[in-house]
$ cat model-v2.cif   # mmCIF, C-alpha atoms
data_upload
loop_
_atom_site.label_atom_id
_atom_site.label_comp_id
_atom_site.auth_asym_id
_atom_site.auth_seq_id
_atom_site.Cartn_x
_atom_site.Cartn_y
_atom_site.Cartn_z
CA MET A 4 -8.56 -16.51 15.66
CA GLU A 5 -11.45 -17.62 13.50
CA GLY A 6 -11.24 -19.11 10.03
CA ALA A 7 -13.20 -16.22 8.57
CA GLN A 8 -10.33 -13.96 9.50
CA MET A 9 -7.76 -16.03 7.65
CA LYS A 10 -9.28 -16.28 4.17
CA THR A 11 -7.13 -15.89 1.11
CA LYS A 12 -6.65 -12.70 -0.87
CA GLY A 13 -9.29 -13.34 -3.49
CA SER A 14 -12.19 -13.84 -1.07
CA ARG A 15 -11.19 -11.62 1.80
CA ILE A 16 -10.98 -8.37 -0.19
CA LYS A 17 -14.13 -8.68 -2.32
CA PHE A 18 -15.93 -6.41 0.11
CA LEU A 19 -13.82 -3.55 -1.23
CA SER A 20 -15.88 -3.48 -4.44
CA THR A 21 -18.43 -1.47 -2.48
CA ALA A 22 -15.98 0.29 -0.22
CA CYS A 23 -14.88 3.89 0.01
CA VAL A 24 -13.96 6.19 -2.88
CA VAL A 25 -10.48 5.59 -4.25
CA THR A 26 -9.02 8.97 -5.13
CA LEU A 27 -6.64 8.91 -8.04
CA CYS A 28 -4.52 12.06 -7.78
CA LEU A 29 -1.87 11.53 -10.41
CA SER A 30 1.24 13.53 -11.17
CA LEU A 31 4.03 12.85 -13.63
CA PHE A 32 7.50 11.77 -12.59
CA GLY A 33 10.45 12.06 -14.95
CA GLY A 34 12.47 9.15 -16.25
CA ILE A 35 11.64 5.50 -16.52
CA ALA A 36 12.42 2.59 -14.22
CA GLY A 37 14.23 -0.32 -15.76
CA ALA A 38 17.55 -2.02 -15.47
CA GLN A 39 18.40 -3.92 -18.63
CA VAL A 40 18.50 -7.68 -18.27
CA GLU A 41 21.77 -9.37 -19.14
CA PRO A 42 21.40 -13.03 -20.15
CA ASP A 43 22.86 -15.30 -17.51
CA ASN A 44 22.11 -18.71 -18.97
CA ASP A 45 24.55 -20.78 -20.96
CA ASP A 46 22.04 -21.91 -23.59
CA LYS A 47 20.46 -18.57 -24.42
CA HIS A 48 20.36 -19.45 -28.11
CA ASN A 49 17.80 -22.12 -27.22
CA GLN A 50 15.87 -19.70 -24.99
CA ARG A 51 15.03 -16.82 -27.26
CA SER A 52 11.97 -15.67 -25.39
CA THR A 53 12.69 -13.44 -22.38
CA ALA A 54 10.86 -11.33 -19.84
CA GLU A 55 12.21 -8.33 -21.73
CA ASP A 56 10.44 -9.55 -24.87
CA PHE A 57 7.22 -9.79 -22.89
CA LEU A 58 7.60 -6.30 -21.39
CA ARG A 59 8.36 -4.78 -24.81
CA LEU A 60 5.37 -6.24 -26.63
CA GLY A 61 3.41 -3.69 -28.61
CA VAL A 62 0.08 -5.49 -28.26
CA ARG A 63 -2.14 -5.66 -25.20
CA PRO A 64 -3.51 -7.12 -23.03
CA ILE A 65 -1.61 -10.41 -22.70
CA ALA A 66 -3.00 -13.24 -20.58
CA ILE A 67 -1.04 -14.38 -17.54
CA GLY A 68 -2.00 -17.80 -16.19
CA HIS A 69 -3.07 -17.06 -12.61
CA HIS A 70 -1.59 -19.75 -10.32
CA GLY A 71 -1.40 -21.92 -13.44
CA VAL A 72 -4.72 -22.34 -15.22
CA GLY A 73 -6.47 -20.42 -12.44
CA PRO A 74 -7.26 -20.35 -8.72
CA ASN A 75 -8.62 -23.70 -7.56
CA ARG A 76 -8.12 -25.30 -4.16
CA GLY A 77 -10.12 -28.37 -5.06
CA GLU A 78 -13.58 -26.85 -5.35
CA ASN A 79 -13.52 -27.47 -9.12
CA PRO A 80 -12.59 -31.13 -9.76
CA ALA A 81 -12.41 -30.45 -13.50
CA LEU A 82 -9.27 -28.32 -13.05
CA PRO A 83 -5.88 -29.11 -11.55
CA ILE A 84 -5.15 -27.66 -8.13
CA GLU A 85 -3.64 -24.18 -8.33
CA ASN A 86 0.12 -23.67 -7.97
CA THR A 87 0.91 -27.24 -8.98
CA ILE A 88 3.06 -28.74 -11.71
CA ASP A 89 -0.07 -29.97 -13.51
CA SER A 90 -1.71 -26.55 -13.40
CA VAL A 91 1.40 -24.74 -14.67
CA ARG A 92 2.00 -27.30 -17.42
CA GLN A 93 -1.64 -27.20 -18.52
CA ALA A 94 -1.63 -23.39 -18.66
CA TYR A 95 1.38 -23.34 -20.99
CA SER A 96 -0.03 -26.25 -23.02
CA LEU A 97 -3.29 -24.35 -23.55
CA GLY A 98 -1.40 -21.39 -24.97
CA ALA A 99 -0.51 -19.14 -22.04
CA ARG A 100 2.77 -17.40 -22.78
CA VAL A 101 3.19 -16.25 -19.17
CA VAL A 102 2.31 -18.07 -15.94
CA GLU A 103 2.41 -16.88 -12.31
CA VAL A 104 2.79 -18.85 -9.07
CA ASP A 105 3.23 -18.06 -5.38
CA VAL A 106 6.18 -19.16 -3.28
CA GLN A 107 6.65 -19.85 0.44
CA LEU A 108 9.67 -20.66 2.58
CA THR A 109 9.77 -23.88 4.62
CA GLN A 110 11.55 -24.52 7.90
CA ASP A 111 14.46 -26.25 6.15
CA GLY A 112 14.96 -23.40 3.68
CA ARG A 113 13.17 -25.05 0.75
CA LEU A 114 10.75 -23.21 -1.51
CA ALA A 115 7.19 -24.49 -1.65
CA VAL A 116 4.76 -23.29 -4.31
CA PHE A 117 1.67 -22.41 -2.27
CA HIS A 118 -0.59 -19.37 -1.97
CA ASP A 119 -0.62 -18.54 1.74
CA ASP A 120 2.08 -18.80 4.38
CA PHE A 121 -0.27 -20.90 6.53
CA LEU A 122 -2.46 -23.98 6.04
CA SER A 123 -6.21 -24.17 6.64
CA ASP A 124 -5.61 -25.01 10.30
CA PHE A 125 -3.31 -21.96 10.58
CA THR A 126 -0.13 -24.04 10.73
CA CYS A 127 2.60 -21.82 9.31
CA ILE A 128 4.51 -23.13 6.30
CA HIS A 129 7.74 -21.89 7.85
CA SER A 130 7.16 -24.14 10.88
CA LEU A 131 7.23 -27.26 8.67
CA THR A 132 9.99 -28.90 6.70
CA LEU A 133 9.21 -29.54 3.05
CA ASP A 134 8.72 -33.24 3.79
CA GLN A 135 6.31 -32.45 6.60
CA LEU A 136 4.39 -30.05 4.38
CA GLN A 137 4.15 -32.57 1.55
CA GLN A 138 2.97 -35.26 3.97
CA ARG A 139 0.05 -32.98 4.82
CA VAL A 140 -0.48 -31.51 1.34
CA PRO A 141 1.04 -33.98 -1.15
CA TYR A 142 0.41 -31.91 -4.28
CA VAL A 143 2.62 -28.97 -3.18
CA PRO A 144 5.67 -28.79 -5.50
CA GLU A 145 9.02 -27.12 -5.00
CA LEU A 146 9.85 -23.99 -6.95
CA HIS A 147 12.59 -25.69 -8.96
CA GLU A 148 10.06 -28.21 -10.30
CA VAL A 149 7.73 -25.58 -11.75
CA LEU A 150 10.70 -23.57 -12.99
CA GLU A 151 11.72 -26.64 -14.98
CA VAL A 152 8.26 -26.76 -16.56
CA ALA A 153 8.59 -23.11 -17.59
CA ARG A 154 12.11 -23.74 -18.88
CA HIS A 155 10.86 -26.63 -21.01
CA PHE A 156 8.18 -24.49 -22.67
CA ASN A 157 10.58 -21.60 -23.06
CA LYS A 158 13.06 -23.78 -24.95
CA LYS A 159 10.22 -24.94 -27.22
CA SER A 160 9.06 -21.40 -27.96
CA GLY A 161 11.57 -20.64 -30.72
CA ASP A 162 10.68 -17.25 -32.19
CA ASP A 163 7.46 -17.10 -30.18
CA LEU A 164 6.90 -15.65 -26.74
CA GLY A 165 6.62 -18.49 -24.25
CA GLY A 166 7.76 -19.96 -20.97
CA ILE A 167 7.79 -16.60 -19.17
CA PHE A 168 7.36 -17.09 -15.44
CA ILE A 169 6.21 -14.72 -12.68
CA ILE A 170 7.10 -15.57 -9.09
CA GLU A 171 5.08 -13.77 -6.43
CA LEU A 172 7.15 -13.11 -3.33
CA LYS A 173 4.39 -13.33 -0.77
CA ALA A 174 4.31 -10.80 2.04
CA PHE A 175 4.47 -12.69 5.32
CA SER A 176 1.46 -12.57 7.63
CA PRO A 177 1.85 -11.30 11.19
CA HIS A 178 0.59 -14.71 12.28
CA CYS A 179 3.56 -16.54 10.75
CA ASP A 180 6.27 -13.87 10.98
CA PRO A 181 5.49 -11.96 14.18
CA GLY A 182 9.04 -10.63 14.44
CA ASP A 183 9.22 -9.44 10.81
CA GLU A 184 12.34 -11.55 10.28
CA LEU A 185 11.79 -13.76 7.22
CA GLU A 186 11.92 -11.44 4.20
CA GLN A 187 15.66 -11.65 3.60
CA ALA A 188 15.61 -15.42 4.01
CA LEU A 189 12.90 -15.75 1.36
CA VAL A 190 14.73 -13.60 -1.17
CA SER A 191 18.04 -15.30 -0.39
CA ALA A 192 16.45 -18.67 -1.19
CA VAL A 193 14.51 -17.67 -4.32
CA VAL A 194 17.23 -15.84 -6.25
CA PRO A 195 19.76 -18.73 -6.30
CA GLU A 196 16.97 -21.12 -7.34
CA VAL A 197 16.18 -18.96 -10.37
CA HIS A 198 19.84 -18.70 -11.31
CA LYS A 199 20.37 -22.44 -10.83
CA ALA A 200 17.51 -23.08 -13.26
CA LYS A 201 19.13 -20.65 -15.73
CA MET A 202 15.84 -18.77 -15.91
CA ALA A 203 16.84 -15.27 -14.77
CA ASP A 204 16.08 -13.95 -18.26
CA GLN A 205 12.59 -15.45 -18.20
CA VAL A 206 11.46 -14.57 -14.65
CA ILE A 207 9.67 -11.55 -13.18
CA PHE A 208 9.37 -11.02 -9.41
CA ASP A 209 6.00 -9.81 -8.17
CA SER A 210 4.88 -8.63 -4.71
CA PHE A 211 2.55 -6.39 -2.75
CA SER A 212 5.52 -5.68 -0.50
CA PRO A 213 7.97 -3.05 -1.79
CA ALA A 214 10.33 -4.21 0.96
CA LEU A 215 10.58 -7.66 -0.62
CA LEU A 216 11.10 -6.14 -4.05
CA PHE A 217 13.79 -3.83 -2.67
CA LEU A 218 15.66 -6.87 -1.33
CA ALA A 219 15.15 -8.68 -4.65
CA ALA A 220 16.58 -5.71 -6.52
CA GLN A 221 19.69 -5.83 -4.35
CA ALA A 222 20.13 -9.57 -4.87
CA ALA A 223 19.22 -9.77 -8.57
CA PRO A 224 18.90 -6.35 -10.22
CA GLU A 225 18.69 -7.99 -13.64
CA ILE A 226 15.33 -9.65 -12.86
CA PRO A 227 12.37 -7.29 -13.55
CA ARG A 228 9.96 -6.57 -10.72
CA GLU A 229 6.25 -5.81 -10.36
CA LEU A 230 4.76 -3.89 -7.41
CA ASP A 231 1.08 -4.62 -6.75
CA LEU A 232 -1.69 -2.56 -5.20
CA SER A 233 -4.83 -3.67 -3.40
CA GLY A 234 -7.69 -1.25 -2.75
CA LEU A 235 -7.23 -2.13 0.91
CA GLN A 236 -3.98 -0.19 0.94
CA LEU A 237 -5.69 3.11 0.06
CA LEU A 238 -8.15 3.08 2.97
CA THR A 239 -7.61 4.58 6.40
CA ALA A 240 -7.13 2.38 9.44
CA ALA A 241 -10.60 3.32 10.67
CA GLN A 242 -12.18 2.42 7.32
CA ILE A 243 -10.42 -0.93 7.19
CA GLN A 244 -11.38 -1.77 10.75
CA ALA A 245 -15.01 -0.79 10.16
CA ILE A 246 -15.26 -2.90 7.00
CA THR A 247 -13.32 -5.99 8.06
CA GLY A 248 -13.88 -6.09 11.78
CA LEU A 249 -10.15 -6.76 12.15
CA PRO A 250 -7.87 -4.67 14.34
CA VAL A 251 -5.44 -2.42 12.49
CA THR A 252 -2.10 -1.76 14.15
CA ILE A 253 0.44 0.71 12.78
CA ILE A 254 3.88 -0.83 13.15
CA SER A 255 7.50 0.17 12.97
CA LYS A 256 8.60 -1.89 9.97
CA LYS A 257 12.24 -2.95 9.93
CA ASN A 258 12.51 -2.12 6.23
CA SER A 259 9.80 0.52 5.84
CA LEU A 260 11.13 2.42 2.78
CA GLY A 261 9.67 5.53 4.38
CA LEU A 262 6.09 4.22 4.17
CA THR A 263 3.51 3.69 6.90
CA TRP A 264 3.03 -0.03 7.48
CA ALA A 265 0.19 -1.74 9.30
CA GLU A 266 -0.82 -5.17 10.46
CA ILE A 267 -4.46 -6.03 9.79
CA GLY A 268 -5.47 -8.75 12.17
CA PRO A 269 -3.27 -11.83 11.79
CA VAL A 270 -3.40 -11.79 7.99
CA PHE A 271 -1.73 -8.75 6.44
CA ARG A 272 1.46 -6.78 6.93
CA LEU A 273 1.46 -4.20 4.16
CA PRO A 274 2.20 -0.53 3.55
CA GLY A 275 -0.61 1.94 3.23
CA TYR A 276 -0.58 4.61 0.53
CA ALA A 277 -2.07 8.07 0.92
CA SER A 278 -2.90 8.07 -2.79
CA ALA A 279 -2.28 6.28 -6.07
CA GLN A 280 0.35 8.95 -6.65
CA GLN A 281 2.34 7.75 -3.64
CA PHE A 282 2.04 4.15 -4.84
CA LEU A 283 3.47 5.07 -8.25
CA ALA A 284 6.22 7.07 -6.58
CA THR A 285 7.12 4.00 -4.51
CA GLY A 286 7.28 1.92 -7.68
CA MET A 287 9.63 4.44 -9.25
CA ALA A 288 11.79 4.65 -6.12
CA THR A 289 12.21 0.86 -6.07
CA SER A 290 12.89 0.72 -9.85
CA VAL A 291 10.10 -1.67 -10.73
CA ARG A 292 9.18 -2.22 -14.36
CA VAL A 293 5.51 -3.03 -13.73
CA VAL A 294 2.73 -1.92 -11.41
CA GLY A 295 -0.23 -4.18 -10.81
CA GLY A 296 -3.74 -3.28 -9.68
CA GLU A 297 -6.32 -5.58 -8.14
CA MET A 298 -9.98 -5.58 -9.16
CA ASP A 299 -10.76 -4.17 -5.70
CA PHE A 300 -8.71 -1.12 -6.69
CA PHE A 301 -9.80 -0.59 -10.29
CA GLY A 302 -13.45 -1.54 -9.72
CA PRO A 303 -14.30 0.96 -6.97
CA ALA A 304 -12.20 3.64 -8.68
CA GLU A 305 -14.26 3.39 -11.87
CA GLN A 306 -17.54 3.13 -9.97
CA GLN A 307 -16.89 6.27 -7.96
CA GLN A 308 -15.08 8.29 -10.62
CA PRO A 309 -15.50 6.98 -14.19
CA GLY A 310 -12.28 7.30 -16.14
CA SER A 311 -10.05 7.27 -13.06
CA GLY A 312 -8.83 3.71 -13.65
CA ALA A 313 -7.83 4.53 -17.21
CA ALA A 314 -6.17 7.72 -15.93
CA PHE A 315 -4.11 5.65 -13.50
CA VAL A 316 -3.00 3.34 -16.31
CA ALA A 317 -2.12 6.29 -18.54
CA GLY A 318 -0.19 7.94 -15.71
CA ALA A 319 1.81 4.77 -15.09
CA HIS A 320 2.52 4.46 -18.82
CA SER A 321 3.79 8.03 -18.87
CA LEU A 322 6.39 6.97 -16.31
CA GLY A 323 7.58 4.10 -18.50
CA LEU A 324 5.80 1.50 -16.36
CA ARG A 325 3.74 -1.40 -17.61
CA VAL A 326 0.41 -2.08 -15.89
CA PHE A 327 -1.01 -5.51 -15.09
CA ALA A 328 -4.49 -6.20 -13.67
CA ASP A 329 -5.77 -9.04 -11.49
CA PRO A 330 -7.91 -11.16 -11.65
CA ALA A 331 -10.12 -11.93 -14.65
CA GLY A 332 -12.29 -14.95 -14.02
CA SER A 333 -14.84 -14.06 -16.68
CA GLU A 334 -15.04 -12.37 -20.05
CA ALA A 335 -16.70 -9.37 -18.37
CA ASP A 336 -13.70 -9.00 -16.03
CA TRP A 337 -11.32 -9.23 -18.99
CA ASN A 338 -13.23 -6.65 -21.01
CA PHE A 339 -13.30 -4.26 -18.04
CA PHE A 340 -9.55 -4.44 -17.55
CA SER A 341 -8.92 -4.24 -21.29
CA SER A 342 -10.98 -1.06 -21.50
CA LEU A 343 -8.55 0.60 -19.07
CA GLY A 344 -5.59 -0.01 -21.39
CA VAL A 345 -3.65 -2.44 -19.18
CA ASP A 346 -0.79 -4.42 -20.69
CA ALA A 347 -1.52 -7.84 -19.20
CA ILE A 348 -4.22 -9.53 -17.17
CA TYR A 349 -3.90 -12.34 -14.63
CA SER A 350 -6.66 -14.63 -15.80
CA VAL A 351 -8.02 -18.14 -15.94
CA ILE A 352 -6.79 -20.21 -18.88
CA PRO A 353 -7.88 -20.83 -21.63
CA LEU A 354 -10.24 -17.83 -21.29
CA GLY A 355 -7.38 -15.32 -21.37
CA VAL A 356 -5.69 -17.07 -24.29
CA ARG A 357 -8.91 -16.87 -26.28
CA LEU A 358 -9.41 -13.16 -25.57
CA GLN A 359 -5.86 -11.82 -25.91
CA PRO A 360 -4.75 -10.33 -29.25
CA ALA A 361 -2.51 -12.15 -31.69
CA ILE A 362 1.07 -12.06 -30.37
CA PRO A 363 3.73 -11.36 -33.01
CA ASP A 364 6.81 -13.55 -33.20
CA LEU A 365 10.07 -12.23 -31.81
CA LYS A 366 12.11 -12.07 -35.01
#

$ encode --input "model-v2.cif" --output "structure tokens"
Amino acid sequence: MEGAQMKTKGSRIKFLSTACVVTLCLSLFGGIAGAQVEPDNDDKHNQRSTAEDFLRLGVRPIAIGHHGVGPNRGENPALPIENTIDSVRQAYSLGARVVEVDVQLTQDGRLAVFHDDFLSDFTCIHSLTLDQLQQRVPYVPELHEVLEVARHFNKKSGDDLGGIFIIELKAFSPHCDPGDELEQALVSAVVPEVHKAKMADQVIFDSFSPALLFLAAQAAPEIPRELDLSGLQLLTAAQIQAITGLPVTIISKKNSLGLTWAEIGPVFRLPGYASAQQFLATGMATSVRVVGGEMDFFGPAEQQQPGSGAAFVAGAHSLGLRVFADPAGSEADWNFFSSLGVDAIYSVIPLGVRLQPAIPDLK
């Protein structure tokens, strides 16, 4: 397999900005999704700011620190590497109230904060112990270390929103999980780590995989969840294959949730959606609190049918769902997402902090 076929999410889906029409056929579903969070930490009086506070804010959009201060694998020496302790700490220090990181499972059951489930030479994270991984990539932290950073800022927040932490449960690639066997192991490792840090009230789980979120809901129903959508998931197999040059294989997913799942080359194992309506229905069925849309979804939708992105956001809001957008690397990106009425934007920091509205205290 060639390196061009194994690029990360941000670069490998940009072609979708000129891809096929995204049809937004919305319908309304009754009720709202949302289990109420019960505090599970023993010093809750020192941790007043919760994920619930974030989800109930009446102002929008709020900046979410994307991988810390922003995606950076070393190409920008002026910024800390993404998904590191330094990047997370700097994002909170610069005023981000919410920060997101990615998590991967190592061979010895530890949780590494890293974007992909493979390294640049295609070595799978799950084939390495944490020590072996850190020998090769020394800056990779464990999840509990960045949770402690978030906990520190949360305890300092007082009556302000702060120290909220989003953990993306990464869908495994076919390359690293050919037998579709690792989802339960990942969830079973992450949930106890969050509880051990006494951060269940401050954490949100995020994923493109409704199967992972379904397992997370079983293990920790009190932790809110966000289901994400890429424009890739609304294309047909033939369209994807024509655009990417990668083979598309429909698979029998062990935990399919009634959806059609496909493997796209060695990189993706994700469900496809016949429409945005089906995506929202899946979010409702799995009781998520938030739906997230990538730029490669919202961008083509607005290009092909102006107003359709805002209609999607309004439809999600009518279901009681919050809507997050990803990513904003520039003020133009931020303004585009903001015009759609989204509630939060994954963005580089301090750009997002500068552009977000004033956030009221939590009194």

$ resolve_selection --input "model-v2.cif" --expression "the PyMOL selection byres ((chain A and resi 158-166) around 9)" --output "VMD selection string"
chain A and resid 49 to 53 56 to 57 95 98 to 102 152 to 157 167 to 168 205 362 to 366

$ write_last_selection --input "model-v2.cif" --atoms "C-alpha atoms" --output "PDB file, in the frame of the given file"
ATOM      1  CA  ASN A  49      17.800 -22.120 -27.220  1.00  0.00           C
ATOM      2  CA  GLN A  50      15.870 -19.700 -24.990  1.00  0.00           C
ATOM      3  CA  ARG A  51      15.030 -16.820 -27.260  1.00  0.00           C
ATOM      4  CA  SER A  52      11.970 -15.670 -25.390  1.00  0.00           C
ATOM      5  CA  THR A  53      12.690 -13.440 -22.380  1.00  0.00           C
ATOM      6  CA  ASP A  56      10.440  -9.550 -24.870  1.00  0.00           C
ATOM      7  CA  PHE A  57       7.220  -9.790 -22.890  1.00  0.00           C
ATOM      8  CA  TYR A  95       1.380 -23.340 -20.990  1.00  0.00           C
ATOM      9  CA  GLY A  98      -1.400 -21.390 -24.970  1.00  0.00           C
ATOM     10  CA  ALA A  99      -0.510 -19.140 -22.040  1.00  0.00           C
ATOM     11  CA  ARG A 100       2.770 -17.400 -22.780  1.00  0.00           C
ATOM     12  CA  VAL A 101       3.190 -16.250 -19.170  1.00  0.00           C
ATOM     13  CA  VAL A 102       2.310 -18.070 -15.940  1.00  0.00           C
ATOM     14  CA  VAL A 152       8.260 -26.760 -16.560  1.00  0.00           C
ATOM     15  CA  ALA A 153       8.590 -23.110 -17.590  1.00  0.00           C
ATOM     16  CA  ARG A 154      12.110 -23.740 -18.880  1.00  0.00           C
ATOM     17  CA  HIS A 155      10.860 -26.630 -21.010  1.00  0.00           C
ATOM     18  CA  PHE A 156       8.180 -24.490 -22.670  1.00  0.00           C
ATOM     19  CA  ASN A 157      10.580 -21.600 -23.060  1.00  0.00           C
ATOM     20  CA  ILE A 167       7.790 -16.600 -19.170  1.00  0.00           C
ATOM     21  CA  PHE A 168       7.360 -17.090 -15.440  1.00  0.00           C
ATOM     22  CA  GLN A 205      12.590 -15.450 -18.200  1.00  0.00           C
ATOM     23  CA  ILE A 362       1.070 -12.060 -30.370  1.00  0.00           C
ATOM     24  CA  PRO A 363       3.730 -11.360 -33.010  1.00  0.00           C
ATOM     25  CA  ASP A 364       6.810 -13.550 -33.200  1.00  0.00           C
ATOM     26  CA  LEU A 365      10.070 -12.230 -31.810  1.00  0.00           C
ATOM     27  CA  LYS A 366      12.110 -12.070 -35.010  1.00  0.00           C
TER      28      LYS A 366
END

$ resolve_selection --input "model-v2.cif" --expression "the PyMOL selection byres ((chain A and resi 271) around 12)" --output "ChimeraX atom specification"
/A:8-12,15-16,119-120,173-181,183,211-212,233,235-236,243,249-254,264-270,272-275

$ atom_distance --input "model-v2.cif" --atom1 "CA of Leu232 (chain A)" --atom2 "CA of Asp209 (chain A)"
11.0 Å

$ closest_residue --input "model-v2.cif" --among "A:Gln110, A:Ser210, A:Thr132, A:Ser342" --to "Ser311 (chain A)" --atoms "only C-alpha atoms"
A:Ser342

$ resolve_selection --input "model-v2.cif" --expression "the PyMOL selection byres ((chain A and resi 130) around 12)" --output "JSON, numbers by chain"
{"A": [107, 108, 109, 110, 111, 112, 113, 120, 121, 122, 125, 126, 127, 128, 129, 131, 132, 133, 134, 135, 136, 178, 179, 180, 185]}

$ write_last_selection --input "model-v2.cif" --atoms "C-alpha atoms" --output "mmCIF file, in the frame of the given file"
data_model
loop_
_atom_site.group_PDB
_atom_site.id
_atom_site.type_symbol
_atom_site.label_atom_id
_atom_site.label_comp_id
_atom_site.auth_asym_id
_atom_site.auth_seq_id
_atom_site.Cartn_x
_atom_site.Cartn_y
_atom_site.Cartn_z
ATOM 1 C CA GLN A 107 6.650 -19.850 0.440
ATOM 2 C CA LEU A 108 9.670 -20.660 2.580
ATOM 3 C CA THR A 109 9.770 -23.880 4.620
ATOM 4 C CA GLN A 110 11.550 -24.520 7.900
ATOM 5 C CA ASP A 111 14.460 -26.250 6.150
ATOM 6 C CA GLY A 112 14.960 -23.400 3.680
ATOM 7 C CA ARG A 113 13.170 -25.050 0.750
ATOM 8 C CA ASP A 120 2.080 -18.800 4.380
ATOM 9 C CA PHE A 121 -0.270 -20.900 6.530
ATOM 10 C CA LEU A 122 -2.460 -23.980 6.040
ATOM 11 C CA PHE A 125 -3.310 -21.960 10.580
ATOM 12 C CA THR A 126 -0.130 -24.040 10.730
ATOM 13 C CA CYS A 127 2.600 -21.820 9.310
ATOM 14 C CA ILE A 128 4.510 -23.130 6.300
ATOM 15 C CA HIS A 129 7.740 -21.890 7.850
ATOM 16 C CA LEU A 131 7.230 -27.260 8.670
ATOM 17 C CA THR A 132 9.990 -28.900 6.700
ATOM 18 C CA LEU A 133 9.210 -29.540 3.050
ATOM 19 C CA ASP A 134 8.720 -33.240 3.790
ATOM 20 C CA GLN A 135 6.310 -32.450 6.600
ATOM 21 C CA LEU A 136 4.390 -30.050 4.380
ATOM 22 C CA HIS A 178 0.590 -14.710 12.280
ATOM 23 C CA CYS A 179 3.560 -16.540 10.750
ATOM 24 C CA ASP A 180 6.270 -13.870 10.980
ATOM 25 C CA LEU A 185 11.790 -13.760 7.220
#

$ closest_residue --input "model-v2.cif" --among "A:Pro360, A:Gly234, A:Pro64, A:Gly73" --to "Ser90 (chain A)" --atoms "all atoms listed in the file"
A:Gly73

$ closest_residue --input "model-v2.cif" --among "A:Leu150, A:Ile348, A:Leu97, A:Leu58" --to "Val291 (chain A)" --atoms "only C-alpha atoms"
A:Leu58

$ closest_residue --input "model-v2.cif" --among "A:Gly261, A:Gly295, A:Gly302, A:Gly323" --to "Phe208 (chain A)" --atoms "all atoms listed in the file"
A:Gly295

$ residues_around --input "model-v2.cif" --residues "Ala222 (chain A)" --least-positions-apart "5" --cutoff "9 Å" --atoms "all atoms listed in the file" --output "PyMOL selection string"
chain A and resi 190-191+194+217

$ closest_residue --input "model-v2.cif" --among "A:Ala94, A:Ala115, A:Val197, A:Ala361" --to "Glu151 (chain A)" --atoms "all atoms listed in the file"
A:Val197

$ build_atoms --input "model-v2.cif" --residues "region 326-339 of chain A" --atoms "N, CA and C atoms" --output "mmCIF file, in the frame of the given file"
data_model
loop_
_atom_site.group_PDB
_atom_site.id
_atom_site.type_symbol
_atom_site.label_atom_id
_atom_site.label_comp_id
_atom_site.auth_asym_id
_atom_site.auth_seq_id
_atom_site.Cartn_x
_atom_site.Cartn_y
_atom_site.Cartn_z
ATOM 1 N N VAL A 326 1.477 -1.909 -16.869
ATOM 2 C CA VAL A 326 0.410 -2.080 -15.890
ATOM 3 C C VAL A 326 -0.270 -3.425 -16.111
ATOM 4 N N PHE A 327 -0.315 -4.226 -15.061
ATOM 5 C CA PHE A 327 -1.010 -5.510 -15.090
ATOM 6 C C PHE A 327 -2.229 -5.412 -14.169
ATOM 7 N N ALA A 328 -3.269 -6.196 -14.464
ATOM 8 C CA ALA A 328 -4.490 -6.200 -13.670
ATOM 9 C C ALA A 328 -4.825 -7.619 -13.223
ATOM 10 N N ASP A 329 -5.569 -7.735 -12.125
ATOM 11 C CA ASP A 329 -5.770 -9.040 -11.490
ATOM 12 C C ASP A 329 -7.055 -8.988 -10.643
ATOM 13 N N PRO A 330 -7.914 -10.021 -10.741
ATOM 14 C CA PRO A 330 -7.910 -11.160 -11.650
ATOM 15 C C PRO A 330 -9.079 -11.073 -12.620
ATOM 16 N N ALA A 331 -9.007 -11.817 -13.700
ATOM 17 C CA ALA A 331 -10.120 -11.930 -14.650
ATOM 18 C C ALA A 331 -10.587 -13.376 -14.665
ATOM 19 N N GLY A 332 -11.714 -13.611 -14.024
ATOM 20 C CA GLY A 332 -12.290 -14.950 -14.020
ATOM 21 C C GLY A 332 -13.423 -15.114 -15.005
ATOM 22 N N SER A 333 -13.746 -14.027 -15.707
ATOM 23 C CA SER A 333 -14.840 -14.060 -16.680
ATOM 24 C C SER A 333 -14.500 -13.125 -17.824
ATOM 25 N N GLU A 334 -15.253 -13.256 -18.914
ATOM 26 C CA GLU A 334 -15.040 -12.370 -20.050
ATOM 27 C C GLU A 334 -15.368 -10.920 -19.682
ATOM 28 N N ALA A 335 -16.366 -10.735 -18.799
ATOM 29 C CA ALA A 335 -16.700 -9.370 -18.370
ATOM 30 C C ALA A 335 -15.528 -8.740 -17.616
ATOM 31 N N ASP A 336 -14.876 -9.516 -16.742
ATOM 32 C CA ASP A 336 -13.700 -9.000 -16.030
ATOM 33 C C ASP A 336 -12.612 -8.600 -17.025
ATOM 34 N N TRP A 337 -12.362 -9.491 -17.991
ATOM 35 C CA TRP A 337 -11.320 -9.230 -18.990
ATOM 36 C C TRP A 337 -11.627 -7.948 -19.768
ATOM 37 N N ASN A 338 -12.866 -7.818 -20.216
ATOM 38 C CA ASN A 338 -13.230 -6.650 -21.010
ATOM 39 C C ASN A 338 -13.117 -5.364 -20.194
ATOM 40 N N PHE A 339 -13.439 -5.433 -18.907
ATOM 41 C CA PHE A 339 -13.300 -4.260 -18.040
ATOM 42 C C PHE A 339 -11.842 -3.827 -17.961
#
